Structure formats: C-alpha cells, structure tokens
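Raw contents of coords.txt, compact mmCIF, C-alpha atoms:
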# COMPACT_ATOMS: atom_id res chain seq x y z
CA MET A 19 111.19 62.88 328.31
CA PRO A 20 108.96 62.24 331.36
CA PHE A 21 108.60 58.55 332.08
CA LEU A 22 105.16 57.01 331.72
CA ASP A 23 103.61 55.51 334.83
CA THR A 24 104.19 51.84 334.03
CA ARG A 25 102.02 50.79 336.97
CA VAL A 26 99.00 51.81 334.87
CA PRO A 27 98.25 49.44 331.96
CA ALA A 28 96.55 50.41 328.70
CA VAL A 29 93.59 48.73 327.02
CA LEU A 30 93.12 49.28 323.27
CA LEU A 31 89.58 48.74 321.97
CA ARG A 32 88.76 48.14 318.31
CA ILE A 33 85.32 46.94 317.21
CA ASP A 34 86.04 47.16 313.47
CA ARG A 35 87.10 43.76 312.05
CA ASN A 36 89.92 45.11 309.86
CA PRO A 37 93.04 42.90 310.17
CA PHE A 38 95.15 45.56 308.40
CA HIS A 39 94.58 48.32 310.97
CA HIS A 40 98.18 49.46 311.41
CA GLY A 41 97.16 52.21 313.85
CA THR A 42 96.45 49.59 316.50
CA LEU A 43 99.93 48.15 316.04
CA GLY A 44 101.40 51.66 316.30
CA ALA A 45 99.67 52.20 319.67
CA VAL A 46 100.81 48.79 320.93
CA ARG A 47 104.42 49.57 320.06
CA SER A 48 104.37 53.15 321.33
CA LEU A 49 103.16 52.18 324.81
CA GLY A 50 104.92 48.82 324.97
CA ARG A 51 108.31 50.37 324.23
CA ALA A 52 107.73 52.76 327.14
CA GLY A 53 107.21 49.79 329.47
CA VAL A 54 103.41 49.98 329.68
CA GLU A 55 101.46 46.70 329.87
CA VAL A 56 99.24 46.67 326.75
CA HIS A 57 96.00 44.72 326.38
CA VAL A 58 94.14 44.61 323.05
CA VAL A 59 90.40 44.04 322.74
CA ALA A 60 89.99 43.25 319.04
CA ASP A 61 89.42 40.45 316.58
CA SER A 62 92.70 38.52 316.54
CA THR A 63 91.81 36.16 313.68
CA GLY A 64 94.69 36.47 311.25
CA SER A 65 95.67 39.85 312.71
CA PRO A 66 99.40 40.70 312.58
CA VAL A 67 98.92 42.80 315.74
CA ARG A 68 98.69 39.70 317.94
CA ARG A 69 102.22 38.76 316.85
CA SER A 70 103.73 41.86 318.42
CA ARG A 71 106.03 41.17 321.33
CA PHE A 72 104.60 44.26 323.03
CA VAL A 73 101.08 42.77 323.38
CA CYS A 74 100.50 41.47 326.89
CA GLU A 75 97.18 39.79 326.04
CA MET A 76 94.53 39.75 323.29
CA HIS A 77 90.90 39.76 324.44
CA PRO A 78 87.78 38.90 322.40
CA PRO A 79 85.92 41.98 321.14
CA PRO A 80 82.19 42.65 321.40
CA PRO A 81 80.19 40.96 318.61
CA PRO A 82 79.51 42.87 315.37
CA GLY A 83 76.66 45.33 315.85
CA ALA A 84 76.99 45.07 319.63
CA SER A 85 74.83 47.28 321.81
CA ALA A 86 76.35 49.73 324.27
CA GLY A 87 75.53 47.29 327.09
CA GLU A 88 77.39 44.47 325.35
CA ILE A 89 80.43 46.70 324.83
CA VAL A 90 80.43 47.70 328.49
CA GLY A 91 80.10 44.03 329.47
CA ALA A 92 83.11 43.05 327.32
CA LEU A 93 85.22 45.86 328.79
CA ARG A 94 84.23 44.96 332.35
CA ARG A 95 85.39 41.38 331.75
CA VAL A 96 88.74 42.73 330.57
CA ALA A 97 88.94 45.06 333.58
CA ALA A 98 88.36 42.12 335.93
CA ARG A 99 91.23 40.26 334.30
CA VAL A 100 93.57 43.29 334.32
CA SER A 101 92.56 43.85 337.98
CA ARG A 102 93.54 47.54 338.24
CA PRO A 103 92.49 50.82 336.60
CA ALA A 104 93.76 51.18 333.03
CA VAL A 105 93.92 53.87 330.36
CA LEU A 106 91.26 53.00 327.76
CA ILE A 107 92.03 53.96 324.14
CA PRO A 108 89.34 53.50 321.47
CA MET A 109 90.95 52.85 318.07
CA ASP A 110 87.96 53.30 315.75
CA ASP A 111 84.89 55.53 315.57
CA ALA A 112 82.46 52.86 316.78
CA SER A 113 84.60 52.30 319.87
CA ALA A 114 85.05 56.02 320.53
CA VAL A 115 81.31 56.73 320.31
CA ALA A 116 80.39 53.75 322.53
CA VAL A 117 82.99 54.60 325.18
CA ALA A 118 81.89 58.25 325.31
CA ARG A 119 78.24 57.20 325.71
CA CYS A 120 79.07 54.80 328.54
CA ARG A 121 81.74 56.81 330.29
CA GLU A 122 80.03 56.78 333.70
CA HIS A 123 79.71 52.97 333.59
CA LEU A 124 83.38 52.51 332.64
CA ALA A 125 84.97 55.20 334.80
CA PRO A 126 85.53 53.04 337.91
CA SER A 127 87.72 50.66 335.89
CA TYR A 128 89.17 52.92 333.21
CA LEU A 129 90.84 56.31 332.97
CA LEU A 130 89.16 58.52 330.33
CA PRO A 131 89.33 62.19 329.29
CA GLN A 132 86.68 64.51 330.75
CA GLN A 133 84.38 65.87 328.05
CA PRO A 134 80.65 66.02 327.22
CA ALA A 135 79.33 62.51 326.53
CA ALA A 136 77.66 63.49 323.24
CA LEU A 137 80.63 65.35 321.76
CA ALA A 138 82.49 62.36 320.28
CA GLU A 139 79.33 61.18 318.54
CA ARG A 140 78.56 64.67 317.29
CA VAL A 141 81.92 65.27 315.63
CA ALA A 142 82.13 61.73 314.21
CA ASP A 143 78.71 62.05 312.54
CA LYS A 144 79.38 63.47 309.06
CA ALA A 145 75.92 65.09 308.92
CA GLU A 146 76.49 66.88 312.25
CA LEU A 147 79.97 68.04 311.31
CA ALA A 148 78.70 70.83 309.04
CA ALA A 149 76.88 72.44 311.99
CA VAL A 150 79.94 71.93 314.19
CA CYS A 151 82.09 73.78 311.67
CA ARG A 152 79.59 76.64 311.36
CA SER A 153 79.54 77.13 315.12
CA ALA A 154 83.33 77.15 315.29
CA GLY A 155 83.91 79.31 312.21
CA VAL A 156 85.82 76.56 310.38
CA PRO A 157 85.38 76.14 306.59
CA HIS A 158 83.46 73.04 305.48
CA PRO A 159 82.31 71.92 302.01
CA VAL A 160 78.67 72.69 301.13
CA THR A 161 76.67 69.66 302.29
CA LEU A 162 73.11 68.58 301.43
CA ILE A 163 71.07 65.79 303.03
CA PRO A 164 68.42 64.44 300.64
CA ASP A 165 65.06 63.06 301.83
CA SER A 166 64.19 61.04 298.74
CA PRO A 167 65.79 59.53 295.63
CA SER A 168 64.60 62.48 293.53
CA GLN A 169 66.11 64.92 296.04
CA ALA A 170 69.39 62.98 295.87
CA ALA A 171 69.44 63.47 292.10
CA SER A 172 68.57 67.18 292.30
CA ALA A 173 71.15 67.72 295.08
CA ALA A 174 73.82 66.19 292.88
CA TRP A 175 72.92 68.55 290.03
CA ARG A 176 72.72 71.51 292.41
CA LEU A 177 76.18 70.89 293.88
CA GLY A 178 77.67 70.23 290.45
CA LEU A 179 78.89 66.81 289.40
CA PRO A 180 81.01 65.11 290.50
CA VAL A 181 80.00 65.21 294.17
CA VAL A 182 81.19 63.38 297.27
CA ALA A 183 78.72 60.94 298.84
CA LYS A 184 79.15 59.98 302.50
CA TRP A 185 77.24 57.95 305.04
CA SER A 186 76.74 60.06 308.13
CA ARG A 187 77.68 57.24 310.52
CA PRO A 188 80.11 55.02 308.62
CA TRP A 189 80.79 52.82 311.64
CA LEU A 190 77.28 51.37 311.14
CA LEU A 191 77.97 50.06 307.62
CA PRO A 192 77.43 46.29 307.58
CA ALA A 193 80.40 44.11 306.70
CA GLY A 194 80.21 42.53 303.27
CA SER A 195 77.70 45.08 301.92
CA GLY A 196 80.18 46.60 299.48
CA LEU A 197 79.26 50.06 300.75
CA ARG A 198 82.13 52.47 301.38
CA SER A 199 82.04 55.35 303.82
CA THR A 200 83.01 57.86 301.13
CA VAL A 201 82.70 57.69 297.33
CA VAL A 202 82.86 60.15 294.44
CA VAL A 203 79.52 60.17 292.58
CA ARG A 204 79.61 61.16 288.90
CA SER A 205 75.93 61.03 287.92
CA ALA A 206 72.50 61.76 289.37
CA GLN A 207 71.58 58.11 288.84
CA GLU A 208 74.47 57.03 291.09
CA ALA A 209 73.26 59.40 293.80
CA GLN A 210 69.73 57.95 293.57
CA ALA A 211 71.03 54.38 293.72
CA LEU A 212 73.02 55.14 296.86
CA TYR A 213 70.06 56.81 298.54
CA LEU A 214 67.99 53.66 298.02
CA ARG A 215 70.52 51.76 300.16
CA ALA A 216 70.22 54.09 303.17
CA GLU A 217 68.29 51.56 305.25
CA GLU A 218 70.97 48.96 304.59
CA ALA A 219 73.71 51.48 305.46
CA GLY A 220 72.09 52.30 308.80
CA SER A 221 72.47 56.10 308.54
CA GLN A 222 71.72 59.12 306.36
CA LEU A 223 73.29 59.72 302.97
CA LEU A 224 74.79 63.16 302.52
CA LEU A 225 76.10 64.76 299.35
CA GLN A 226 78.96 67.19 299.54
CA GLU A 227 80.63 69.69 297.26
CA PHE A 228 83.64 68.13 295.55
CA LEU A 229 86.87 70.01 296.17
CA PRO A 230 89.34 68.87 293.48
CA PRO A 231 92.52 67.21 294.73
CA GLY A 232 95.92 68.49 293.72
CA PRO A 233 99.46 69.08 294.94
CA ASP A 234 99.62 70.41 298.48
CA ARG A 235 95.82 70.18 298.99
CA ASP A 236 95.28 67.08 301.19
CA TRP A 237 96.22 67.67 304.81
CA PHE A 238 95.62 66.06 308.19
CA PHE A 239 96.25 67.03 311.79
CA HIS A 240 96.73 64.70 314.74
CA GLY A 241 96.78 65.95 318.28
CA TYR A 242 95.92 65.49 321.92
CA ALA A 243 93.87 68.05 323.85
CA ASP A 244 94.87 67.77 327.52
CA ARG A 245 92.81 68.56 330.62
CA SER A 246 93.54 72.29 330.17
CA GLY A 247 92.58 72.25 326.48
CA SER A 248 96.14 72.67 325.18
CA VAL A 249 96.99 70.74 322.00
CA SER A 250 100.14 68.64 321.99
CA GLY A 251 101.57 65.31 320.90
CA GLY A 252 101.03 65.67 317.15
CA GLY A 253 101.07 68.19 314.34
CA PRO A 254 100.11 68.95 310.73
CA GLY A 255 100.84 66.51 307.93
CA ARG A 256 100.48 66.48 304.16
CA LYS A 257 99.01 63.46 302.40
CA GLN A 258 101.13 62.50 299.42
CA HIS A 259 99.39 59.24 298.43
CA ALA A 260 96.04 57.75 299.48
CA TRP A 261 94.55 54.27 299.27
CA PRO A 262 92.10 54.05 297.55
CA ARG A 263 93.07 57.09 295.48
CA GLY A 264 91.14 60.30 296.04
CA ALA A 265 89.13 59.31 299.13
CA GLY A 266 91.17 56.84 301.12
CA LEU A 267 93.55 56.50 304.05
CA THR A 268 97.06 57.94 304.06
CA ALA A 269 99.47 55.57 302.32
CA VAL A 270 102.33 58.10 302.32
CA GLY A 271 102.37 61.25 304.45
CA HIS A 272 104.88 63.87 305.57
CA TRP A 273 105.15 65.96 308.72
CA THR A 274 104.87 69.47 307.29
CA PRO A 275 104.80 72.62 309.45
CA ASN A 276 101.72 74.76 308.82
CA THR A 277 101.04 77.56 311.32
CA ARG A 278 97.77 78.51 309.62
CA LEU A 279 96.37 75.00 309.97
CA GLN A 280 97.68 74.75 313.54
CA SER A 281 95.78 77.92 314.50
CA LEU A 282 92.60 76.66 312.84
CA VAL A 283 92.76 73.37 314.77
CA GLU A 284 93.39 75.08 318.10
CA GLN A 285 90.42 77.37 317.42
CA LEU A 286 88.16 74.38 316.67
CA VAL A 287 89.23 72.31 319.68
CA GLY A 288 88.97 75.31 321.99
CA THR A 289 85.48 76.23 320.80
CA LEU A 290 84.20 72.67 321.25
CA GLY A 291 85.88 72.05 324.59
CA TYR A 292 87.17 68.77 323.16
CA ARG A 293 89.45 66.63 325.33
CA GLY A 294 91.41 63.58 324.19
CA VAL A 295 93.05 62.29 321.02
CA PHE A 296 91.77 63.48 317.65
CA ASP A 297 92.51 63.00 313.95
CA LEU A 298 91.32 65.63 311.46
CA ASP A 299 91.27 65.54 307.64
CA PHE A 300 91.38 68.74 305.58
CA ARG A 301 91.36 69.68 301.91
CA ARG A 302 92.64 73.06 300.82
CA ASP A 303 90.46 74.86 298.26
CA GLY A 304 92.69 75.67 295.29
CA THR A 305 90.69 78.83 294.54
CA SER A 306 90.17 80.43 297.96
CA GLY A 307 93.10 78.82 299.77
CA HIS A 308 90.84 77.93 302.72
CA TYR A 309 91.34 74.65 304.59
CA HIS A 310 88.01 72.79 304.68
CA LEU A 311 87.49 70.24 307.45
CA LEU A 312 86.32 66.95 305.90
CA ASP A 313 86.42 64.54 308.86
CA PHE A 314 86.79 64.74 312.64
CA ASN A 315 87.77 61.37 314.13
CA PRO A 316 87.61 61.34 317.96
CA ARG A 317 90.43 58.79 318.36
CA PRO A 318 94.00 58.16 317.14
CA GLY A 319 94.42 58.18 313.37
CA ALA A 320 96.05 55.17 311.74
CA GLN A 321 99.18 57.21 310.85
CA PHE A 322 99.60 58.91 314.24
CA ARG A 323 103.12 57.52 314.60
CA LEU A 324 104.24 59.96 311.89
CA PHE A 325 104.29 62.54 314.68
CA ALA A 326 106.58 60.68 317.08
CA ASP A 327 108.93 63.57 317.87
CA GLY A 328 112.59 63.74 318.80
CA ALA A 329 111.77 62.57 322.34
CA GLY A 330 109.52 59.71 321.17
CA HIS A 331 106.41 61.66 322.22
CA ASP A 332 103.14 61.03 320.32
CA VAL A 333 99.38 61.43 320.91
CA VAL A 334 98.96 58.02 322.57
CA ARG A 335 101.76 58.66 325.05
CA ALA A 336 100.34 62.15 325.67
CA LEU A 337 97.00 60.57 326.60
CA HIS A 338 98.63 58.14 329.04
CA LEU A 339 100.78 60.87 330.62
CA ASP A 340 97.87 63.27 331.04
CA LEU A 341 95.42 60.73 332.48
CA THR A 342 98.02 59.53 335.00
CA HIS A 343 98.76 63.17 335.99
CA ARG A 344 102.27 63.21 334.56
CA PRO A 345 103.65 66.36 332.90
CA LEU A 346 103.61 66.49 329.11
CA PRO A 347 107.03 67.18 327.58
CA VAL A 348 107.99 70.20 325.51
CA PRO A 349 107.45 69.19 321.85
CA ALA A 350 110.50 68.33 319.76
CA PRO A 351 109.12 68.42 316.18
CA LEU A 352 110.76 66.48 313.35
CA PRO A 353 109.49 68.22 310.19
CA GLY A 354 110.13 66.26 307.02
CA ARG A 355 109.60 62.91 308.70
CA ALA A 356 107.58 60.46 306.54
CA PHE A 357 105.06 57.71 307.21
CA VAL A 358 104.57 54.85 304.74
CA VAL A 359 102.11 51.95 304.75
CA GLU A 360 104.15 49.25 303.01
CA ASN A 361 101.32 47.14 301.61
CA TYR A 362 99.70 50.19 299.97
CA ALA A 363 102.91 51.92 298.81
CA PRO A 364 105.69 49.28 298.65
CA LEU A 365 108.05 51.29 296.42
CA ASN A 366 107.82 54.33 298.69
CA ALA A 367 108.81 52.14 301.63
CA LEU A 368 112.20 51.55 299.96
CA ARG A 369 112.91 55.23 299.29
CA PRO A 370 115.31 56.91 301.76
CA ARG A 371 114.24 60.30 303.12
CA PRO A 372 116.37 62.92 304.88
CA GLY A 373 113.84 63.34 307.70
CA GLY A 374 113.53 59.59 308.31
CA THR A 375 110.62 57.24 307.70
CA GLU A 376 108.21 55.46 310.04
CA LEU A 377 106.87 52.26 308.50
CA ALA A 378 103.42 51.09 309.47
CA TRP A 379 104.30 47.40 309.84
CA HIS A 380 108.05 46.79 309.85
CA ALA A 381 110.12 47.54 312.95
CA ARG A 382 113.56 46.21 313.81
CA ASP A 383 112.61 45.59 317.42
CA ASP A 384 109.31 43.88 316.52
CA LEU A 385 109.68 41.88 313.30
CA ALA A 386 106.86 39.32 313.59
CA PRO A 387 103.89 41.62 312.75
CA GLY A 388 105.51 42.80 309.51
CA LEU A 389 106.20 39.24 308.36
CA ALA A 390 102.66 38.17 309.27
CA MET A 391 101.24 41.16 307.39
CA TRP A 392 102.94 40.19 304.11
CA ALA A 393 101.63 36.62 304.33
CA LEU A 394 98.13 37.88 305.08
CA TRP A 395 98.29 40.58 302.41
CA GLY A 396 99.46 38.09 299.78
CA ALA A 397 96.46 35.85 300.52
CA HIS A 398 94.15 38.90 300.46
CA VAL A 399 95.42 40.08 297.06
CA ALA A 400 95.21 36.57 295.58
CA ARG A 401 91.62 36.26 296.79
CA ARG A 402 90.69 39.63 295.30
CA LEU A 403 92.24 38.69 291.96
CA ARG A 404 90.36 35.39 291.88
CA ASP A 405 87.10 37.22 292.60
CA ARG A 406 87.81 39.76 289.87
CA VAL A 407 88.58 37.05 287.32
CA ARG A 408 85.45 35.15 288.31
CA ARG A 409 83.29 38.27 287.88
CA SER A 410 84.83 39.19 284.52
CA ALA A 411 84.79 35.68 283.00
CA PRO A 412 82.11 35.36 280.28
CA VAL A 413 79.23 33.11 281.19
CA ALA A 414 79.22 30.01 278.97
CA ALA A 415 76.15 29.83 276.76
CA PRO A 416 74.12 26.61 277.00
CA PRO A 417 74.85 24.18 274.14
CA ARG A 418 72.62 24.75 271.15
CA ILE A 419 70.53 21.75 270.23
CA VAL A 420 70.15 21.36 266.49
CA ARG A 421 67.40 19.01 265.46
CA GLN A 422 68.19 17.20 262.20
CA PRO A 423 65.26 16.47 259.84
CA LEU A 424 64.36 12.81 259.45
CA PRO A 425 65.58 11.29 256.17
CA HIS A 426 62.90 11.07 253.40
CA ASN A 427 62.29 7.42 252.51
CA PRO A 428 59.49 7.12 249.87
CA LEU A 429 57.46 3.92 250.14
CA THR A 430 57.57 1.36 247.38
CA ASP A 431 54.37 0.23 245.66
CA ASP A 432 54.43 -3.07 247.64
CA GLU A 433 54.88 -1.13 251.01
CA LYS A 434 52.01 1.22 250.13
CA ALA A 435 49.80 -1.73 249.44
CA SER A 436 50.69 -3.49 252.71
CA SER A 437 50.01 -0.34 254.73
CA CYS A 438 46.41 -0.02 253.55

Encoding of this model in structure tokens:
Amino acid sequence: MPFLDTRVPAVLLRIDRNPFHHGTLGAVRSLGRAGVEVHVVADSTGSPVRRSRFVCEMHPPPPPGASAGEIVGALRRVAARVSRPAVLIPMDDASAVAVARCREHLAPSYLLPQQPAALAERVADKAELAAVCRSAGVPHPVTLIPDSPSQAASAAWRLGLPVVAKWSRPWLLPAGSGLRSTVVVRSAQEAQALYLRAEEAGSQLLLQEFLPPGPDRDWFFHGYADRSGSVSGGGPGRKQHAWPRGAGLTAVGHWTPNTRLQSLVEQLVGTLGYRGVFDLDFRRDGTSGHYHLLDFNPRPGAQFRLFADGAGHDVVRALHLDLTHRPLPVPAPLPGRAFVVENYAPLNALRPRPGGTELAWHARDDLAPGLAMWALWGAHVARRLRDRVRRSAPVAAPPRIVRQPLPHNPLTDDEKASSC
C-alpha cells in the first residue's frame, strides 16, 4: 500500500454534539495508525474519542448554531496552532456544508477537494435530493413538500399511510427539541403536528413515499471520488440492523458485493461531478427491484471502517492520499466483512464471522475509548430509564378534604331561656 504523507496532518471537524459518534473515532484511528498527526475539532465533554492514543490534540468546536464566519474563525485558530497546511475532513453534514461554502477562505490553510461550492449543500438537503436524482436518472421515493398543515394532511393521504417525514436540513434541528431528522408518520394528524413545528426545526418538512423494509432491502455505499472522478476506497454494504429500528443508523452491516448498485453510484457521482468522500443510503423496492436513493451525505459515514480492505485502505485514507498527490492503491475488497456498533448491538459484537468484524469502539491497539464508551453509555441508559419512569409515574391526586358535620346539641330549656 502507498504510504501516506505523514508530513501533512489531518484536522477532523464535527459540529454536532453527539458523544457517541463512532465515525470520528474511526477516522482518528485510520489516520493515526498510518502515522498521520490527527487533530480533532469537536466537543470533548465526556467524549470517548479524546481518550484515543491516536489523537494529537482536541480543539474547541464552534458554538452551537455558529455562523459560517464563526466556523472559519475556529478553523483558522486551529490552523495557526497546527502551523502547516492540513487535510480537513468534515465529519457531519453541518461541517461539510459550512466547509464547502467557505472553501476559498479555508484553502490557504487546508487541503480540500475541488468541487462546486453549492454541491455539498444541494445533495445534503433532503428537499433538493429529489431534483438531483431526477437529473441523474437515479430512482428516488415520491416526495411532497406541503405549504400548510392541511396540505401536510392531504399529502399524507395522497402518498398512502404510513409515510416518511423528513426535515430538509436536519443539521439545523435544535438540540433538546425532541425532533428527529426522519420519522415514520402513521396518521394525517401526525403529519399536521409535525408541519406546525417547521419554524422550530429550521427547515422545510417533506413527506415521502414509504418503501417497506425487508430482508436484503436496506443498502448503503461509501466511497471517495478522486480528482479524476473515479470512485475508490469503499464499496456497497447491506444493513442488517438499524438503531432506532426502521429509520436509524447502521448497528450491524456487511460488505456485500453488488455490481448493479456500484454502477448506479458511479453514474450519480459522474453526473454531479462530485469530488470527495460520500455516504449514500438506499432502499430496494420489493416490487420493482429498483434501488431508491434515500440520503446523500457529503462526508464519511459513521460505519466507513467496514470498508477497510485487505491493504488497510478506506475512504479517509483515500482522501489524504489524493489531496497530497499520492497514488491510490488497487482495491483489495474483503466481502463478508462485518461492522458492529457494540452499544447498539452488544450480542452481535460477540458473534464470530468468517469475514471478520470491525467494532466501532473496541480496538486492541486503542483500548481506552471503548472502556470510556461503556461508562458513558451506562450513565446515558440509566438517565433515559429514570426519565421514562418519571414520565410514566401516575401523578398523585391532591388529598381529599372531607368536612364532617358539626354534632347536633339541642339546647335545654334553661339554655334557651338564657339565650333570649
């Protein structure tokens, strides 16, 4: 395998405050094991990532809801500390969109793929993705964007309940709101209620045709499009378990060859002129057999390490090699390899697999993050259980006050006389 240029450090940027983002840890380990100096710009409070021996330094992230100028300012402070050009890797959609917008302001300090500034934002926006798919000839579920609560209800009936509800720009959802980027809506009233929270969500609500899940229907594809447009560093995978079920992240996935899906992805990337790391989610229609694109994430997916091949090559290393003008190696696929997120699928983490298993948190050469994750996860689960018990506990009724009648004491003849 070609050696990475270890003179060039890497800076990972994550704006999202999720302490359980195992994709960030995967990128830290992938580059750190290759000898690259890794800096992480993310919230380190309670994060297992900061325990990794491959982290050179943690840096404070931009504040929640930061403007593009604030994000650029934070990255410039990191660049001054690193003191030489670095490969910049956004690890969430908010970071990817902000970096693409501000590329010209970051380019002197950071190495970034060359692509149109608006493209990352366009593919990440769920409302725009339908038009993207039409232009590229890629199947996409029927999607409607209501303009009022009544239209939300009628759209739900028109699509046929249940339907999938998504916020077009999920990276704008405020923390603590209880809103999720994707939910399955089972009534017109639910669709109306969600629409009424659009201002709070910060983006449009869209309703989408529900494609039923089933065996062999949930797929994803991770890859890197290099400066020539060729796709490498990843491959197709099949989602076996999700968390939460039905519309969540991959808890268990397998590297599964699929030439039809590979061709569809190469067609999409080529039509768009996309450059850089990408993570795509598909669902296969059980009736037509078509693969419908559900999400296009312009950054590494959390399970990208599933596709570490026989030479240790993955999408993050491909990015570093390409941006430092090093040749990308010939792929050495490992079909059958599995990826398991231990805290979401603990029993699957114990199951041996012929193709080998990549665990999200545990690694023999980097034990501390896995141990820290279990301590943090235990506290998280206990807190959720306490909240659930508190919400389900019956509210004690106020004590009932029973007023007793005064005893009847008839007056004697002498008392009647004295009272006159």

Nearest to Val56 (chain A): which of A:Asp244, A:Ala269, A:His338, A:Trp237 is it, counting only C-alpha atoms?
->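 Checking each of A:Asp244, A:Ala269, A:His338, A:Trp237 against Val56 (chain A), counting only C-alpha atoms, the winner is A:His338.
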
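Nearest residue to Ile33 (chain A) among A:Leu190, A:Val100, A:Val105, A:Ala112 is A:Ala112, counting all atoms listed in the file.
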
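Nearest residue to Thr200 (chain A), choosing from A:Glu139, A:Asp313, A:Glu376, A:Glu284 and counting only C-alpha atoms: A:Asp313.
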
Interatomic distance, CA of Gly330 (chain A) to CA of Tyr362 (chain A) (Å, one decimal) | 25.2 Å

Excluding same-chain residues fewer than 5 positions from region 26-29 of chain A, what lies within 7 Å of it counting all atoms listed in the file, as a list in words?
-> Val54, Glu55, Val56, His57, Val58, Pro103, Ala104, Val105, Leu106 and Ile107 of chain A

Interface rows for region 82-146 of chain A against region 289-304 of chain A: nearest pair, Å to one decimal, 10 Å, all atoms listed in the file, as a tab-separated table:
residue	atom	partner	partner_atom	distance
A:Ile107	CA	A:Val295	CA	9.0
A:Pro108	CA	A:Val295	CA	9.6
A:Leu130	CA	A:Gly294	CA	8.3
A:Pro131	CA	A:Gly294	CA	5.7
A:Gln132	CA	A:Arg293	CA	6.4
A:Gln133	CA	A:Arg293	CA	5.8
A:Pro134	CA	A:Tyr292	CA	8.2
A:Leu137	CA	A:Tyr292	CA	7.5
A:Ala138	CA	A:Tyr292	CA	8.4
A:Val141	CA	A:Leu290	CA	9.6

Kindly give the distance, in Å, that separates CA of Pro353 (chain A) and CA of Thr375 (chain A), rounded to a single decimal.
-> 11.3 Å

Which residue, A:Arg47, A:Arg382, A:Arg121, A:Lys257, has the smallest gap to Ala326 (chain A) when you use all atoms listed in the file?
->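 Using all atoms listed in the file, the shortest distance to Ala326 (chain A) belongs to A:Arg47.
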
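Across A:Val399, A:Ala135, A:Ala320, A:Leu124, the tightest approach to Asn361 (chain A) is made by A:Val399 when counting only C-alpha atoms.
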
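Closest approach to Phe322 (chain A) among A:Leu214, A:Val407, A:Ala260, A:Ala45: A:Ala45, based on all atoms listed in the file.
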